[in-house]
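Asker: This is model-v7.cif (mmCIF, C-alpha atoms).
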data_model
#
loop_
_atom_site.group_PDB
_atom_site.id
_atom_site.type_symbol
_atom_site.label_atom_id
_atom_site.label_comp_id
_atom_site.auth_asym_id
_atom_site.auth_seq_id
_atom_site.Cartn_x
_atom_site.Cartn_y
_atom_site.Cartn_z
ATOM 1 C CA MET A 11 0.000 0.000 0.000
ATOM 2 C CA ALA A 12 1.386 3.388 -1.004
ATOM 3 C CA ASP A 13 2.101 6.210 1.434
ATOM 4 C CA LEU A 14 0.111 9.362 0.637
ATOM 5 C CA TYR A 15 1.656 12.820 1.051
ATOM 6 C CA VAL A 16 -0.256 16.096 0.796
ATOM 7 C CA ARG A 17 0.550 19.800 0.761
ATOM 8 C CA TYR A 18 -1.954 21.684 2.896
ATOM 9 C CA GLU A 19 -2.745 25.078 4.333
ATOM 10 C CA HIS A 20 -3.748 25.395 7.990
ATOM 11 C CA GLU A 21 -3.953 28.539 10.097
ATOM 12 C CA GLY A 22 -2.078 30.547 7.480
ATOM 13 C CA GLN A 23 0.814 28.094 7.145
ATOM 14 C CA THR A 24 1.516 25.711 4.266
ATOM 15 C CA SER A 25 3.042 22.346 5.209
ATOM 16 C CA PHE A 26 3.570 18.824 3.939
ATOM 17 C CA GLY A 27 1.976 15.899 5.704
ATOM 18 C CA GLN A 28 1.212 12.215 5.442
ATOM 19 C CA LEU A 29 -2.445 11.461 4.906
ATOM 20 C CA GLN A 30 -3.746 8.609 7.037
ATOM 21 C CA GLY A 31 -7.485 8.184 6.652
ATOM 22 C CA ASN A 32 -9.107 11.497 7.528
ATOM 23 C CA GLU A 33 -6.099 12.760 9.464
ATOM 24 C CA ILE A 34 -2.927 14.511 8.309
ATOM 25 C CA HIS A 35 0.346 13.877 10.164
ATOM 26 C CA GLU A 36 2.722 16.821 9.783
ATOM 27 C CA LEU A 37 6.100 16.093 8.187
ATOM 28 C CA THR A 38 9.480 17.290 9.311
ATOM 29 C CA GLY A 39 12.579 17.108 7.165
ATOM 30 C CA ASP A 40 12.442 16.954 3.382
ATOM 31 C CA LEU A 41 9.571 15.510 1.353
ATOM 32 C CA PHE A 42 12.144 14.552 -1.291
ATOM 33 C CA GLY A 43 14.711 13.114 1.120
ATOM 34 C CA ASP A 44 14.815 12.278 4.814
ATOM 35 C CA ARG A 45 11.360 12.829 6.231
ATOM 36 C CA SER A 46 9.646 11.909 9.462
ATOM 37 C CA LEU A 47 6.442 12.681 11.333
ATOM 38 C CA SER A 48 6.551 15.557 13.819
ATOM 39 C CA GLY A 49 3.837 14.093 16.018
ATOM 40 C CA LYS A 50 1.390 16.901 15.188
ATOM 41 C CA THR A 51 -1.876 15.990 13.490
ATOM 42 C CA VAL A 52 -4.781 17.891 11.983
ATOM 43 C CA ALA A 53 -8.127 16.738 10.612
ATOM 44 C CA LEU A 54 -8.395 16.642 6.825
ATOM 45 C CA ASP A 55 -11.668 18.595 7.048
ATOM 46 C CA ASP A 56 -9.875 21.462 8.823
ATOM 47 C CA VAL A 57 -7.311 22.192 6.097
ATOM 48 C CA ARG A 58 -7.215 23.470 2.547
ATOM 49 C CA LEU A 59 -5.462 20.989 0.280
ATOM 50 C CA ARG A 60 -3.082 22.554 -2.229
ATOM 51 C CA TYR A 61 -1.768 20.943 -5.417
ATOM 52 C CA PRO A 62 0.767 18.585 -3.880
ATOM 53 C CA VAL A 63 4.038 20.004 -5.227
ATOM 54 C CA GLU A 64 5.146 23.365 -6.628
ATOM 55 C CA ALA A 65 6.671 22.395 -9.968
ATOM 56 C CA GLU A 66 9.172 24.466 -11.916
ATOM 57 C CA LYS A 67 8.184 22.579 -15.062
ATOM 58 C CA VAL A 68 4.887 20.995 -16.048
ATOM 59 C CA LEU A 69 5.236 18.650 -19.018
ATOM 60 C CA ALA A 70 2.559 16.515 -20.633
ATOM 61 C CA VAL A 71 2.370 13.591 -23.035
ATOM 62 C CA GLY A 72 -0.007 13.428 -25.990
ATOM 63 C CA LEU A 73 -1.442 10.380 -27.748
ATOM 64 C CA ASN A 74 -0.442 7.888 -25.060
ATOM 65 C CA TYR A 75 -3.387 5.477 -24.893
ATOM 66 C CA ALA A 76 -4.529 3.397 -27.859
ATOM 67 C CA SER A 77 -8.117 4.167 -26.841
ATOM 68 C CA HIS A 78 -7.431 7.890 -27.417
ATOM 69 C CA LEU A 79 -5.654 7.496 -30.753
ATOM 70 C CA GLY A 80 -8.688 6.564 -32.842
ATOM 71 C CA SER A 81 -7.482 6.071 -36.413
ATOM 72 C CA ARG A 82 -4.169 7.825 -35.759
ATOM 73 C CA PRO A 83 -1.020 5.680 -35.661
ATOM 74 C CA ALA A 84 0.789 5.276 -32.361
ATOM 75 C CA PRO A 85 3.680 7.736 -32.050
ATOM 76 C CA LYS A 86 7.216 6.389 -32.431
ATOM 77 C CA ASN A 87 8.525 8.594 -29.641
ATOM 78 C CA VAL A 88 7.003 10.115 -26.523
ATOM 79 C CA GLU A 89 5.123 13.233 -27.686
ATOM 80 C CA ILE A 90 5.782 16.002 -25.164
ATOM 81 C CA PHE A 91 4.350 19.489 -24.731
ATOM 82 C CA TYR A 92 4.545 22.071 -21.947
ATOM 83 C CA LYS A 93 1.909 23.548 -19.682
ATOM 84 C CA PRO A 94 2.814 26.654 -17.658
ATOM 85 C CA PRO A 95 3.094 26.134 -13.877
ATOM 86 C CA THR A 96 0.253 28.670 -13.581
ATOM 87 C CA THR A 97 -2.110 26.020 -14.976
ATOM 88 C CA LEU A 98 -1.852 24.106 -11.693
ATOM 89 C CA GLN A 99 -4.962 24.232 -9.537
ATOM 90 C CA ASP A 100 -5.756 22.879 -6.078
ATOM 91 C CA PRO A 101 -8.131 20.021 -5.297
ATOM 92 C CA GLY A 102 -11.518 21.684 -4.934
ATOM 93 C CA GLY A 103 -10.382 24.835 -6.746
ATOM 94 C CA PRO A 104 -12.418 25.967 -9.748
ATOM 95 C CA ILE A 105 -11.510 25.235 -13.345
ATOM 96 C CA GLU A 106 -12.033 28.720 -14.777
ATOM 97 C CA MET A 107 -13.086 28.726 -18.426
ATOM 98 C CA PRO A 108 -12.164 32.072 -20.034
ATOM 99 C CA PRO A 109 -15.073 34.202 -21.330
ATOM 100 C CA ASP A 110 -14.099 33.611 -24.973
ATOM 101 C CA SER A 111 -13.618 29.837 -24.611
ATOM 102 C CA ARG A 112 -16.105 27.668 -26.494
ATOM 103 C CA ASP A 113 -15.051 24.011 -26.347
ATOM 104 C CA VAL A 114 -13.307 23.169 -23.051
ATOM 105 C CA HIS A 115 -12.737 19.443 -22.437
ATOM 106 C CA TYR A 116 -11.697 17.337 -19.440
ATOM 107 C CA GLU A 117 -8.721 14.952 -19.700
ATOM 108 C CA ALA A 118 -8.059 12.567 -16.810
ATOM 109 C CA GLU A 119 -4.331 11.938 -16.398
ATOM 110 C CA PHE A 120 -1.851 9.951 -14.299
ATOM 111 C CA VAL A 121 0.942 12.326 -13.219
ATOM 112 C CA ILE A 122 4.613 11.599 -12.468
ATOM 113 C CA VAL A 123 6.336 13.603 -9.698
ATOM 114 C CA MET A 124 10.138 13.779 -9.936
ATOM 115 C CA SER A 125 12.251 13.188 -6.816
ATOM 116 C CA LYS A 126 15.570 14.620 -8.002
ATOM 117 C CA ARG A 127 17.400 16.092 -10.961
ATOM 118 C CA ALA A 128 17.422 13.739 -13.945
ATOM 119 C CA THR A 129 19.519 14.125 -17.082
ATOM 120 C CA GLY A 130 20.389 11.352 -19.519
ATOM 121 C CA VAL A 131 18.653 8.728 -17.387
ATOM 122 C CA SER A 132 18.150 5.172 -18.686
ATOM 123 C CA VAL A 133 14.777 3.431 -18.618
ATOM 124 C CA GLU A 134 16.181 0.979 -16.049
ATOM 125 C CA ALA A 135 17.336 3.791 -13.737
ATOM 126 C CA ALA A 136 14.235 5.965 -14.127
ATOM 127 C CA PRO A 137 12.330 4.564 -11.091
ATOM 128 C CA ASP A 138 15.061 5.956 -8.819
ATOM 129 C CA TYR A 139 14.225 9.474 -10.024
ATOM 130 C CA ILE A 140 10.462 9.281 -9.423
ATOM 131 C CA LEU A 141 9.071 10.310 -6.040
ATOM 132 C CA GLY A 142 5.552 9.110 -6.735
ATOM 133 C CA TYR A 143 2.354 9.753 -8.649
ATOM 134 C CA THR A 144 -0.762 11.879 -8.421
ATOM 135 C CA CYS A 145 -3.980 12.644 -10.311
ATOM 136 C CA GLY A 146 -4.263 15.380 -12.913
ATOM 137 C CA ASN A 147 -6.739 16.928 -15.333
ATOM 138 C CA ASP A 148 -5.181 18.281 -18.541
ATOM 139 C CA VAL A 149 -8.004 20.715 -19.319
ATOM 140 C CA SER A 150 -8.002 21.641 -23.016
ATOM 141 C CA GLU A 151 -9.823 24.228 -25.128
ATOM 142 C CA ARG A 152 -10.250 22.301 -28.385
ATOM 143 C CA GLN A 153 -11.084 25.248 -30.646
ATOM 144 C CA TRP A 154 -7.823 26.962 -29.737
ATOM 145 C CA GLN A 155 -5.920 23.658 -29.817
ATOM 146 C CA ASN A 156 -7.367 22.027 -32.934
ATOM 147 C CA GLY A 157 -9.935 24.332 -34.537
ATOM 148 C CA SER A 158 -12.672 21.949 -33.361
ATOM 149 C CA LEU A 159 -15.630 24.210 -34.204
ATOM 150 C CA ASP A 160 -14.464 26.433 -37.057
ATOM 151 C CA GLY A 161 -11.890 24.262 -38.815
ATOM 152 C CA PRO A 162 -8.149 23.701 -38.331
ATOM 153 C CA GLU A 163 -7.227 26.900 -40.162
ATOM 154 C CA THR A 164 -8.625 28.878 -37.193
ATOM 155 C CA LYS A 165 -6.598 27.174 -34.453
ATOM 156 C CA ASP A 166 -3.680 28.762 -32.607
ATOM 157 C CA THR A 167 -0.196 27.980 -33.955
ATOM 158 C CA GLN A 168 0.904 26.809 -30.491
ATOM 159 C CA TRP A 169 -1.025 25.229 -27.616
ATOM 160 C CA TRP A 170 -0.104 28.113 -25.295
ATOM 161 C CA ARG A 171 -3.714 28.830 -24.299
ATOM 162 C CA GLY A 172 -5.491 25.696 -25.559
ATOM 163 C CA LYS A 173 -3.602 23.742 -22.884
ATOM 164 C CA GLY A 174 -2.109 26.544 -20.832
ATOM 165 C CA CYS A 175 -4.792 28.827 -19.411
ATOM 166 C CA ASP A 176 -4.713 29.510 -15.683
ATOM 167 C CA THR A 177 -6.355 26.617 -13.733
ATOM 168 C CA PHE A 178 -6.171 24.241 -16.740
ATOM 169 C CA GLY A 179 -4.051 21.764 -14.721
ATOM 170 C CA PRO A 180 -5.788 20.626 -11.518
ATOM 171 C CA MET A 181 -3.541 18.219 -9.621
ATOM 172 C CA GLY A 182 -3.833 16.167 -6.421
ATOM 173 C CA PRO A 183 -5.091 15.340 -3.901
ATOM 174 C CA ALA A 184 -1.950 13.450 -2.811
ATOM 175 C CA ILE A 185 1.350 12.046 -4.030
ATOM 176 C CA ALA A 186 1.348 8.256 -3.742
ATOM 177 C CA VAL A 187 4.849 7.001 -2.888
ATOM 178 C CA GLY A 188 5.422 3.288 -3.419
ATOM 179 C CA LEU A 189 2.364 2.882 -5.655
ATOM 180 C CA ASP A 190 2.095 -0.299 -7.715
ATOM 181 C CA TRP A 191 0.845 1.817 -10.612
ATOM 182 C CA GLU A 192 0.439 -1.074 -13.041
ATOM 183 C CA LYS A 193 -2.546 -2.229 -10.973
ATOM 184 C CA SER A 194 -4.190 1.201 -10.861
ATOM 185 C CA ARG A 195 -7.243 2.301 -12.815
ATOM 186 C CA ILE A 196 -7.870 5.893 -13.869
ATOM 187 C CA GLU A 197 -11.472 7.091 -14.038
ATOM 188 C CA LEU A 198 -13.118 10.427 -14.774
ATOM 189 C CA ARG A 199 -16.643 11.328 -13.717
ATOM 190 C CA LEU A 200 -18.544 14.369 -14.935
ATOM 191 C CA ASN A 201 -21.409 15.219 -12.591
ATOM 192 C CA GLY A 202 -21.122 11.683 -11.205
ATOM 193 C CA GLU A 203 -21.296 9.943 -14.614
ATOM 194 C CA VAL A 204 -18.274 7.870 -15.671
ATOM 195 C CA ARG A 205 -16.807 9.319 -18.873
ATOM 196 C CA GLN A 206 -13.293 7.798 -18.931
ATOM 197 C CA SER A 207 -12.012 4.554 -17.423
ATOM 198 C CA GLN A 208 -8.791 2.689 -18.215
ATOM 199 C CA LEU A 209 -5.989 0.735 -16.582
ATOM 200 C CA VAL A 210 -2.880 2.902 -16.209
ATOM 201 C CA SER A 211 -0.854 -0.065 -17.461
ATOM 202 C CA ASP A 212 -2.446 0.520 -20.900
ATOM 203 C CA LEU A 213 -0.212 3.547 -21.462
ATOM 204 C CA VAL A 214 1.660 3.327 -24.778
ATOM 205 C CA PHE A 215 4.753 4.742 -23.038
ATOM 206 C CA GLY A 216 4.963 4.040 -19.317
ATOM 207 C CA PRO A 217 6.410 6.352 -16.644
ATOM 208 C CA TYR A 218 9.965 4.996 -16.883
ATOM 209 C CA GLU A 219 10.112 5.360 -20.671
ATOM 210 C CA ILE A 220 8.712 8.894 -20.412
ATOM 211 C CA VAL A 221 11.223 10.039 -17.778
ATOM 212 C CA SER A 222 14.109 8.498 -19.681
ATOM 213 C CA PHE A 223 13.088 10.025 -23.015
ATOM 214 C CA VAL A 224 12.528 13.519 -21.638
ATOM 215 C CA SER A 225 15.775 13.470 -19.652
ATOM 216 C CA GLN A 226 17.825 12.841 -22.805
ATOM 217 C CA HIS A 227 16.850 16.306 -24.012
ATOM 218 C CA VAL A 228 15.563 18.377 -21.084
ATOM 219 C CA THR A 229 16.887 18.187 -17.527
ATOM 220 C CA LEU A 230 14.110 17.314 -15.105
ATOM 221 C CA GLU A 231 14.350 18.959 -11.706
ATOM 222 C CA GLN A 232 13.163 17.853 -8.283
ATOM 223 C CA GLY A 233 9.416 18.466 -8.066
ATOM 224 C CA ASP A 234 8.814 18.685 -11.813
ATOM 225 C CA VAL A 235 5.650 16.903 -12.947
ATOM 226 C CA ILE A 236 4.703 15.061 -16.131
ATOM 227 C CA PHE A 237 1.063 14.459 -17.128
ATOM 228 C CA THR A 238 1.150 11.132 -18.986
ATOM 229 C CA GLY A 239 -1.826 11.307 -21.357
ATOM 230 C CA THR A 240 -5.565 10.715 -21.313
ATOM 231 C CA PRO A 241 -7.537 7.581 -22.242
ATOM 232 C CA GLY A 242 -10.631 7.231 -24.396
ATOM 233 C CA SER A 243 -12.613 10.201 -25.662
ATOM 234 C CA THR A 244 -13.206 13.598 -24.100
ATOM 235 C CA LYS A 245 -16.207 15.938 -24.167
ATOM 236 C CA PRO A 246 -16.900 19.575 -23.334
ATOM 237 C CA MET A 247 -17.620 20.853 -19.839
ATOM 238 C CA LYS A 248 -19.977 23.683 -18.951
ATOM 239 C CA ASP A 249 -20.469 26.202 -16.191
ATOM 240 C CA GLY A 250 -21.702 24.504 -13.009
ATOM 241 C CA ASP A 251 -20.292 21.052 -13.817
ATOM 242 C CA SER A 252 -18.301 19.018 -11.310
ATOM 243 C CA VAL A 253 -15.425 16.862 -12.575
ATOM 244 C CA GLU A 254 -13.630 14.094 -10.662
ATOM 245 C CA VAL A 255 -10.465 12.179 -11.530
ATOM 246 C CA GLU A 256 -9.901 9.049 -9.441
ATOM 247 C CA ILE A 257 -6.859 6.776 -9.562
ATOM 248 C CA THR A 258 -6.683 3.598 -7.508
ATOM 249 C CA GLY A 259 -4.267 4.022 -4.618
ATOM 250 C CA ILE A 260 -4.083 7.824 -4.911
ATOM 251 C CA GLY A 261 -7.543 9.262 -4.311
ATOM 252 C CA VAL A 262 -10.065 11.575 -5.944
ATOM 253 C CA LEU A 263 -9.328 14.973 -7.487
ATOM 254 C CA ARG A 264 -12.533 17.051 -7.542
ATOM 255 C CA ASN A 265 -12.995 20.446 -9.180
ATOM 256 C CA PRO A 266 -16.009 22.599 -10.024
ATOM 257 C CA VAL A 267 -16.208 24.195 -13.463
ATOM 258 C CA VAL A 268 -16.860 27.933 -13.747
ATOM 259 C CA GLN A 269 -17.376 30.126 -16.821
ATOM 260 C CA THR A 270 -15.659 33.421 -16.040
#
Just give me the structure as structure tokens.
Answerer:
Amino acid sequence: MADLYVRYEHEGQTSFGQLQGNEIHELTGDLFGDRSLSGKTVALDDVRLRYPVEAEKVLAVGLNYASHLGSRPAPKNVEIFYKPPTTLQDPGGPIEMPPDSRDVHYEAEFVIVMSKRATGVSVEAAPDYILGYTCGNDVSERQWQNGSLDGPETKDTQWWRGKGCDTFGPMGPAIAVGLDWEKSRIELRLNGEVRQSQLVSDLVFGPYEIVSFVSQHVTLEQGDVIFTGTPGSTKPMKDGDSVEVEITGIGVLRNPVVQT
């Protein structure tokens, strides 16, 4: 069973803690190194959960489940793009759809959290550079990304806003350390209805291959995160919706949807 670590705000102070049931045990030391429990506890209901790590870089993988590819061929290499760190949103925080957005979709994702600097890492060594895993939602405005409504000639050249608007990257609620991820299932529910469901082990490129590939070209730093791709099909969200991403062994990431 994996250990669950959260970043939380309580009485004006932000701390890391180990989640045990409905209670958080405050950590001392370093989340990424030697850590221990201080002996202080606080009820989960009495804190505000924050996205579990402040990442310098947020990377994401496209086309990484066969169920999402449709008629497209599987990529030969890991297909990576960037999301700004300002996309990150807390568990329970609103996904804010900009006033001019028209086709905003959910994307349930399994997220890698790096434990230390990685450059030129082999697939075999990659597990030593991963702290754990969390849930993510790679929110995407399809008109800006692909020209979904008005044709591809109207899309943005880059995915800077289609994937990168503020709050378009909810993440949490916890980092699962020691997770047997190959046994985990990822599921997305929109207003309680299951819309995506897949075994994480169905990834075209698994976490170790992703970390190794990225590290050959871009140095990954401690705390960086990588969204690993979404399964199945996605659909638009609307103002007032509630979206949940659940991964076995990690927990449930819930966010309301708001049209600004």
Asker: I'd like the residues picked by the PyMOL selection byres ((chain A and resi 135) around 12) written out as a count of residues only, using the chain letters and numbers from the file.
Answerer: 19
Asker: Using all atoms listed in the file, pick whichever of A:Ala186, A:Ile220, A:Val228, A:Cys145 has the shortest atom-to-atom distance to Glu256 in chain A.
Answerer: A:Cys145
Asker: Counting only C-alpha atoms, which residue out of A:Gly202, A:Gly250, A:Pro108, A:Gly239 sits closest to Pro266 in chain A?
Answerer: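 Selected residue with least distance to Pro266 in chain A: A:Gly250.
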Asker: For the provided coordinates, the residues matched by the PyMOL selection byres ((chain A and resi 47) around 8) should be stated as a short mmCIF file (atom, residue, chain, number, x, y, z; two decimals) with C-alpha atoms, in the coordinates of the input.
Answerer:
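Dumped to out.cif:
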data_model
loop_
_atom_site.label_atom_id
_atom_site.label_comp_id
_atom_site.auth_asym_id
_atom_site.auth_seq_id
_atom_site.Cartn_x
_atom_site.Cartn_y
_atom_site.Cartn_z
CA GLY A 27 1.98 15.90 5.70
CA GLN A 28 1.21 12.22 5.44
CA HIS A 35 0.35 13.88 10.16
CA GLU A 36 2.72 16.82 9.78
CA LEU A 37 6.10 16.09 8.19
CA THR A 38 9.48 17.29 9.31
CA ARG A 45 11.36 12.83 6.23
CA SER A 46 9.65 11.91 9.46
CA SER A 48 6.55 15.56 13.82
CA GLY A 49 3.84 14.09 16.02
CA LYS A 50 1.39 16.90 15.19
#
Asker: Please write as a list in words the full residue list that the PyMOL selection byres ((chain A and resi 104-106) around 8) yields on this file.
Answerer: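 The output of the PyMOL selection byres ((chain A and resi 104-106) around 8) on this file is Gln99, Gly102, Gly103, Met107, Pro108, Asp176, Thr177, Phe178, Pro180, Asn265, Pro266, Val267, Val268, Gln269 and Thr270 of chain A.
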Asker: Rank nothing, just name the residue among A:Gly216, A:Pro109, A:Pro62, A:Gly39 nearest to Glu192 in chain A, using only C-alpha atoms.
Answerer: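 With only C-alpha atoms as the atom set, the closest residue is A:Gly216.
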Asker: Smallest atom-to-atom distance to Val224 in chain A: which of A:Asp44, A:Ser77, A:Phe91, A:Ser194, using all atoms listed in the file?
Answerer: A:Phe91
Asker: Please determine, counting only C-alpha atoms, which residue among A:Lys248, A:Arg127, A:Lys86, A:Arg195 has the shortest atom-to-atom distance to Leu230 in chain A.
Answerer: A:Arg127
Asker: List every residue of range 200-250 of chain A that has an atom at most 9 Å from any atom of range 110-117 of chain A, giving for each one its closest atom pair and the distance in Å to one decimal, counting all atoms listed in the file, sorted by chain and then by ascending residue number, as JSON lines.
Answerer:
{"residue": "A:Leu200", "atom": "CA", "partner": "A:Tyr116", "partner_atom": "CA", "distance": 8.7}
{"residue": "A:Gln206", "atom": "CA", "partner": "A:Glu117", "partner_atom": "CA", "distance": 8.5}
{"residue": "A:Gly239", "atom": "CA", "partner": "A:Glu117", "partner_atom": "CA", "distance": 8.0}
{"residue": "A:Thr240", "atom": "CA", "partner": "A:Glu117", "partner_atom": "CA", "distance": 5.5}
{"residue": "A:Pro241", "atom": "CA", "partner": "A:Glu117", "partner_atom": "CA", "distance": 7.9}
{"residue": "A:Ser243", "atom": "CA", "partner": "A:Glu117", "partner_atom": "CA", "distance": 8.6}
{"residue": "A:Thr244", "atom": "CA", "partner": "A:His115", "partner_atom": "CA", "distance": 6.1}
{"residue": "A:Lys245", "atom": "CA", "partner": "A:His115", "partner_atom": "CA", "distance": 5.2}
{"residue": "A:Pro246", "atom": "CA", "partner": "A:His115", "partner_atom": "CA", "distance": 4.3}
{"residue": "A:Met247", "atom": "CA", "partner": "A:His115", "partner_atom": "CA", "distance": 5.7}
{"residue": "A:Lys248", "atom": "CA", "partner": "A:Val114", "partner_atom": "CA", "distance": 7.8}
Asker: What is the distance between CA of Asp234 in chain A and CA of Glu19 in chain A, in Å to one decimal?
Answerer: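 Spanning CA of Asp234 in chain A to CA of Glu19 in chain A is a straight-line distance of 20.9 Å.
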Asker: Just to confirm, what's the straight-line distance from CA of Thr238 in chain A to CA of Thr144 in chain A in Å (one decimal)?
Answerer: 10.8 Å
